[in-house]
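Read through the structure below, which is laid out as structure tokens, and then see the notes.
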Amino acid sequence: PEYKVFGLFGESMGGATVLQYSALDNGLDFMVAVCPFARLKDLLKSHLSKYRIPSFLHNYVLIFTNLYTKSFAGFSIEDVNPSEDALISKIPLYLSHGKQDLIVPFDMSEKLYNKRKHLAKTIFFISETEGHTPHLYTKNKKEFESQLRDFLKEFEL
């Protein structure tokens, strides 16, 4: 209650969590998501391909994974769709991702940005040379912080 501005910052899975949370709390003033994944199912498929799991096994692995998460965690991998939640939210978003990301595909953030920029304020910081967090912003410190500072000025921070 004593703060005038409240925002969330998350990296990787934390960035995806920020995006999902945005659909639940309209009291947020802003959010920052660094290298978030868009859909858990798509991220899992990406990793299956990356680790050269034969494509004919992908669906079996996803079915088993889904059964496991439903049994032990109480949710379906289909339910984890941060990009869908971010498209519902009107909370301003500072999104960043590196094109060389080997953990979370860059195109997940790129597609989210292209869909969301017409719906709500969304700034997208792209690194051509770096990949996943924390290198994304440590290697691009000046540019990343300058753009983030400009984004946050709106909130008088």
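Residues are named by chain letter and number: chains run A, B, ... in the order of the structure tokens, numbers start at 1 in each chain, and ligands are numbered from 1 in the order shown.
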
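Using only C-alpha atoms, the contacts of Leu19 (chain A) at a cut-off of 7 Å, with sequence neighbours closer than 5 positions omitted, comprise A:Pro82, A:Ser83, A:Asp85, A:Ala86.
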
Sel. of alpha helix (DSSP H) residues, chain A, as a PyMOL selection string: chain A and resi 13-22+40-50+55-72+82-88+106-116+135-138+141-153

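For Gln100 (chain A), the set of protein, DNA and RNA residues having any atom at most 10 Å away, when counting only C-alpha atoms and skipping those fewer than 5 positions along the same chain, is Pro105, Phe106, Ser127, Glu128, Thr129, Glu130, Gly131, His132 and Leu136 of chain A.
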
Keeping only C-alpha atoms, write the selected residues to a file as a PDB file, in the first residue's frame.
ATOM      1  CA  PRO A 105      13.752 -19.969 -29.146  1.00  0.00           C
ATOM      2  CA  PHE A 106      13.926 -16.274 -30.060  1.00  0.00           C
ATOM      3  CA  SER A 127      20.191  -8.663 -29.157  1.00  0.00           C
ATOM      4  CA  GLU A 128      21.601  -9.815 -32.481  1.00  0.00           C
ATOM      5  CA  THR A 129      24.686 -11.417 -30.927  1.00  0.00           C
ATOM      6  CA  GLU A 130      23.635 -12.775 -27.537  1.00  0.00           C
ATOM      7  CA  GLY A 131      21.384 -15.549 -26.435  1.00  0.00           C
ATOM      8  CA  HIS A 132      19.794 -16.371 -23.124  1.00  0.00           C
ATOM      9  CA  LEU A 136      21.582 -10.867 -22.999  1.00  0.00           C
TER      10      LEU A 136
END

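Closest approach to Leu48 (chain A) from the set A:Ala33, A:Leu87, A:Leu119, A:Ile103 is made by A:Ile103, with distances taken over only C-alpha atoms.
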
Hey, can you check how far CA of Gly7 (chain A) sits from CA of Glu143 (chain A)?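 So the two atoms, CA of Gly7 (chain A) and CA of Glu143 (chain A), lie 20.8 Å apart.
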
How far is it from CA of Gly74 (chain A) to CA of Cys35 (chain A), in Å with one decimal?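 So the two atoms, CA of Gly74 (chain A) and CA of Cys35 (chain A), lie 25.8 Å apart.
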
Mind pulling up the distance from CA of Ser49 (chain A) to CA of Val104 (chain A)? 12.7 Å

Distance query Asn114 (chain A) at most 12 Å, only C-alpha atoms, self and fewer than 6 positions along chain excluded, as an MDAnalysis selection string: chainID A and resid 83 87 95 107:108 120:124

List the spatial neighbours of Val80 (chain A) as a PyMOL selection string - criterion: any atom at most 10 Å away, only C-alpha atoms, same-chain residues fewer than 4 positions off excluded. chain A and resi 16-17+20+37-41+75-76+84-85

Taking the DSSP secondary structure from the backbone, can you list the residues of chain A that are strand (DSSP E), as a compact mmCIF listing (two decimals) with all heavy atoms, in the first residue's frame?
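What landed in part-v5.txt:
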# COMPACT_ATOMS: atom_id res chain seq x y z
N GLY A 7 5.65 -3.27 -10.29
CA GLY A 7 5.92 -4.01 -11.52
C GLY A 7 6.61 -5.32 -11.21
O GLY A 7 7.08 -5.54 -10.09
N LEU A 8 6.68 -6.18 -12.19
CA LEU A 8 7.34 -7.47 -12.05
C LEU A 8 8.45 -7.61 -13.08
O LEU A 8 8.32 -7.13 -14.21
CB LEU A 8 6.33 -8.61 -12.24
CG LEU A 8 5.24 -8.74 -11.20
CD1 LEU A 8 4.29 -9.88 -11.58
CD2 LEU A 8 5.82 -9.00 -9.82
N PHE A 9 9.52 -8.30 -12.68
CA PHE A 9 10.66 -8.58 -13.55
C PHE A 9 10.92 -10.08 -13.47
O PHE A 9 10.99 -10.64 -12.37
CB PHE A 9 11.89 -7.82 -13.05
CG PHE A 9 13.13 -8.06 -13.86
CD1 PHE A 9 13.55 -7.14 -14.81
CD2 PHE A 9 13.89 -9.21 -13.69
CE1 PHE A 9 14.70 -7.36 -15.55
CE2 PHE A 9 15.04 -9.44 -14.43
CZ PHE A 9 15.44 -8.51 -15.36
N GLY A 10 11.06 -10.73 -14.62
CA GLY A 10 11.38 -12.14 -14.62
C GLY A 10 12.25 -12.51 -15.80
O GLY A 10 12.15 -11.91 -16.87
N GLU A 11 13.10 -13.51 -15.57
CA GLU A 11 14.00 -14.00 -16.61
C GLU A 11 13.69 -15.46 -16.91
O GLU A 11 13.49 -16.25 -15.99
CB GLU A 11 15.46 -13.91 -16.13
CG GLU A 11 15.91 -12.54 -15.76
CD GLU A 11 17.31 -12.54 -15.16
OE1 GLU A 11 18.03 -13.56 -15.26
OE2 GLU A 11 17.69 -11.52 -14.59
N PHE A 30 3.58 -2.30 -14.64
CA PHE A 30 4.43 -2.70 -15.76
C PHE A 30 4.97 -4.08 -15.50
O PHE A 30 4.91 -4.60 -14.38
CB PHE A 30 5.59 -1.71 -15.97
CG PHE A 30 6.59 -1.72 -14.86
CD1 PHE A 30 7.69 -2.58 -14.88
CD2 PHE A 30 6.46 -0.87 -13.77
CE1 PHE A 30 8.62 -2.59 -13.85
CE2 PHE A 30 7.37 -0.87 -12.74
CZ PHE A 30 8.46 -1.74 -12.78
N MET A 31 5.53 -4.68 -16.54
CA MET A 31 6.21 -5.97 -16.40
C MET A 31 7.40 -6.01 -17.35
O MET A 31 7.38 -5.38 -18.41
CB MET A 31 5.26 -7.13 -16.64
CG MET A 31 4.51 -7.10 -17.93
SD MET A 31 3.29 -8.43 -17.95
CE MET A 31 2.41 -8.00 -19.43
N VAL A 32 8.42 -6.74 -16.92
CA VAL A 32 9.63 -6.93 -17.71
C VAL A 32 9.84 -8.44 -17.82
O VAL A 32 9.92 -9.13 -16.80
CB VAL A 32 10.85 -6.26 -17.04
CG1 VAL A 32 12.11 -6.52 -17.85
CG2 VAL A 32 10.62 -4.77 -16.83
N ALA A 33 9.91 -8.93 -19.04
CA ALA A 33 10.12 -10.36 -19.28
C ALA A 33 11.34 -10.53 -20.18
O ALA A 33 11.35 -10.08 -21.32
CB ALA A 33 8.88 -10.98 -19.92
N VAL A 34 12.36 -11.18 -19.63
CA VAL A 34 13.61 -11.41 -20.35
C VAL A 34 13.66 -12.88 -20.77
O VAL A 34 13.62 -13.77 -19.93
CB VAL A 34 14.84 -11.06 -19.47
CG1 VAL A 34 16.14 -11.30 -20.22
CG2 VAL A 34 14.74 -9.63 -18.96
N LEU A 93 4.56 -3.80 -21.27
CA LEU A 93 5.56 -4.87 -21.22
C LEU A 93 6.86 -4.42 -21.88
O LEU A 93 6.85 -3.90 -22.99
CB LEU A 93 5.02 -6.10 -21.97
CG LEU A 93 6.00 -7.24 -22.26
CD1 LEU A 93 6.53 -7.87 -20.98
CD2 LEU A 93 5.33 -8.29 -23.13
N TYR A 94 7.95 -4.66 -21.17
CA TYR A 94 9.30 -4.54 -21.75
C TYR A 94 9.77 -5.97 -21.95
O TYR A 94 9.99 -6.71 -20.99
CB TYR A 94 10.23 -3.77 -20.81
CG TYR A 94 11.63 -3.60 -21.35
CD1 TYR A 94 11.95 -2.54 -22.18
CD2 TYR A 94 12.65 -4.50 -21.03
CE1 TYR A 94 13.24 -2.38 -22.68
CE2 TYR A 94 13.93 -4.35 -21.52
CZ TYR A 94 14.22 -3.28 -22.34
OH TYR A 94 15.49 -3.12 -22.83
N LEU A 95 9.88 -6.37 -23.18
CA LEU A 95 10.23 -7.73 -23.56
C LEU A 95 11.64 -7.71 -24.14
O LEU A 95 11.98 -6.79 -24.89
CB LEU A 95 9.23 -8.20 -24.61
CG LEU A 95 9.33 -9.59 -25.20
CD1 LEU A 95 9.10 -10.64 -24.12
CD2 LEU A 95 8.30 -9.76 -26.32
N SER A 96 12.45 -8.68 -23.81
CA SER A 96 13.79 -8.74 -24.40
C SER A 96 14.17 -10.19 -24.67
O SER A 96 13.77 -11.10 -23.95
CB SER A 96 14.82 -8.06 -23.50
OG SER A 96 14.89 -8.69 -22.26
N HIS A 97 14.95 -10.36 -25.74
CA HIS A 97 15.38 -11.71 -26.12
C HIS A 97 16.58 -11.60 -27.05
O HIS A 97 16.69 -10.63 -27.81
CB HIS A 97 14.25 -12.44 -26.84
CG HIS A 97 14.22 -13.90 -26.58
ND1 HIS A 97 13.12 -14.54 -26.07
CD2 HIS A 97 15.16 -14.86 -26.74
CE1 HIS A 97 13.39 -15.83 -25.94
NE2 HIS A 97 14.63 -16.05 -26.35
N GLY A 98 17.46 -12.58 -26.99
CA GLY A 98 18.61 -12.63 -27.88
C GLY A 98 18.36 -13.59 -29.02
O GLY A 98 17.82 -14.68 -28.82
N THR A 122 4.13 -2.29 -25.73
CA THR A 122 5.12 -3.36 -25.68
C THR A 122 6.40 -2.87 -26.36
O THR A 122 6.38 -2.46 -27.51
CB THR A 122 4.61 -4.62 -26.41
OG1 THR A 122 3.31 -4.96 -25.90
CG2 THR A 122 5.55 -5.78 -26.23
N ILE A 123 7.48 -2.90 -25.61
CA ILE A 123 8.80 -2.54 -26.12
C ILE A 123 9.59 -3.84 -26.24
O ILE A 123 9.55 -4.69 -25.35
CB ILE A 123 9.54 -1.58 -25.15
CG1 ILE A 123 8.71 -0.34 -24.84
CG2 ILE A 123 10.92 -1.23 -25.67
CD1 ILE A 123 8.40 0.53 -26.03
N PHE A 124 10.33 -3.99 -27.34
CA PHE A 124 11.07 -5.24 -27.56
C PHE A 124 12.54 -4.92 -27.78
O PHE A 124 12.92 -4.33 -28.78
CB PHE A 124 10.49 -5.96 -28.77
CG PHE A 124 10.97 -7.38 -28.98
CD1 PHE A 124 11.54 -8.12 -27.96
CD2 PHE A 124 10.84 -7.96 -30.22
CE1 PHE A 124 11.96 -9.43 -28.18
CE2 PHE A 124 11.26 -9.26 -30.46
CZ PHE A 124 11.83 -10.00 -29.42
N PHE A 125 13.37 -5.35 -26.82
CA PHE A 125 14.81 -5.22 -26.94
C PHE A 125 15.34 -6.51 -27.54
O PHE A 125 15.12 -7.59 -26.99
CB PHE A 125 15.46 -4.96 -25.58
CG PHE A 125 16.96 -4.96 -25.63
CD1 PHE A 125 17.64 -3.82 -26.04
CD2 PHE A 125 17.69 -6.09 -25.30
CE1 PHE A 125 19.02 -3.82 -26.12
CE2 PHE A 125 19.07 -6.09 -25.36
CZ PHE A 125 19.74 -4.95 -25.77
N ILE A 126 16.04 -6.41 -28.65
CA ILE A 126 16.59 -7.57 -29.35
C ILE A 126 18.10 -7.48 -29.36
O ILE A 126 18.66 -6.45 -29.72
CB ILE A 126 16.07 -7.63 -30.81
CG1 ILE A 126 14.56 -7.72 -30.85
CG2 ILE A 126 16.72 -8.80 -31.56
CD1 ILE A 126 13.97 -7.53 -32.24
N SER A 127 18.75 -8.57 -29.01
CA SER A 127 20.19 -8.66 -29.16
C SER A 127 20.48 -9.56 -30.35
O SER A 127 20.02 -10.70 -30.40
CB SER A 127 20.85 -9.24 -27.91
OG SER A 127 22.21 -9.50 -28.16

Of the listed residues A:Ser55, A:Asp42, A:Met13, A:Pro36, that which approaches Glu110 (chain A) most closely, counting only C-alpha atoms: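 The closest residue to Glu110 (chain A) is A:Pro36.
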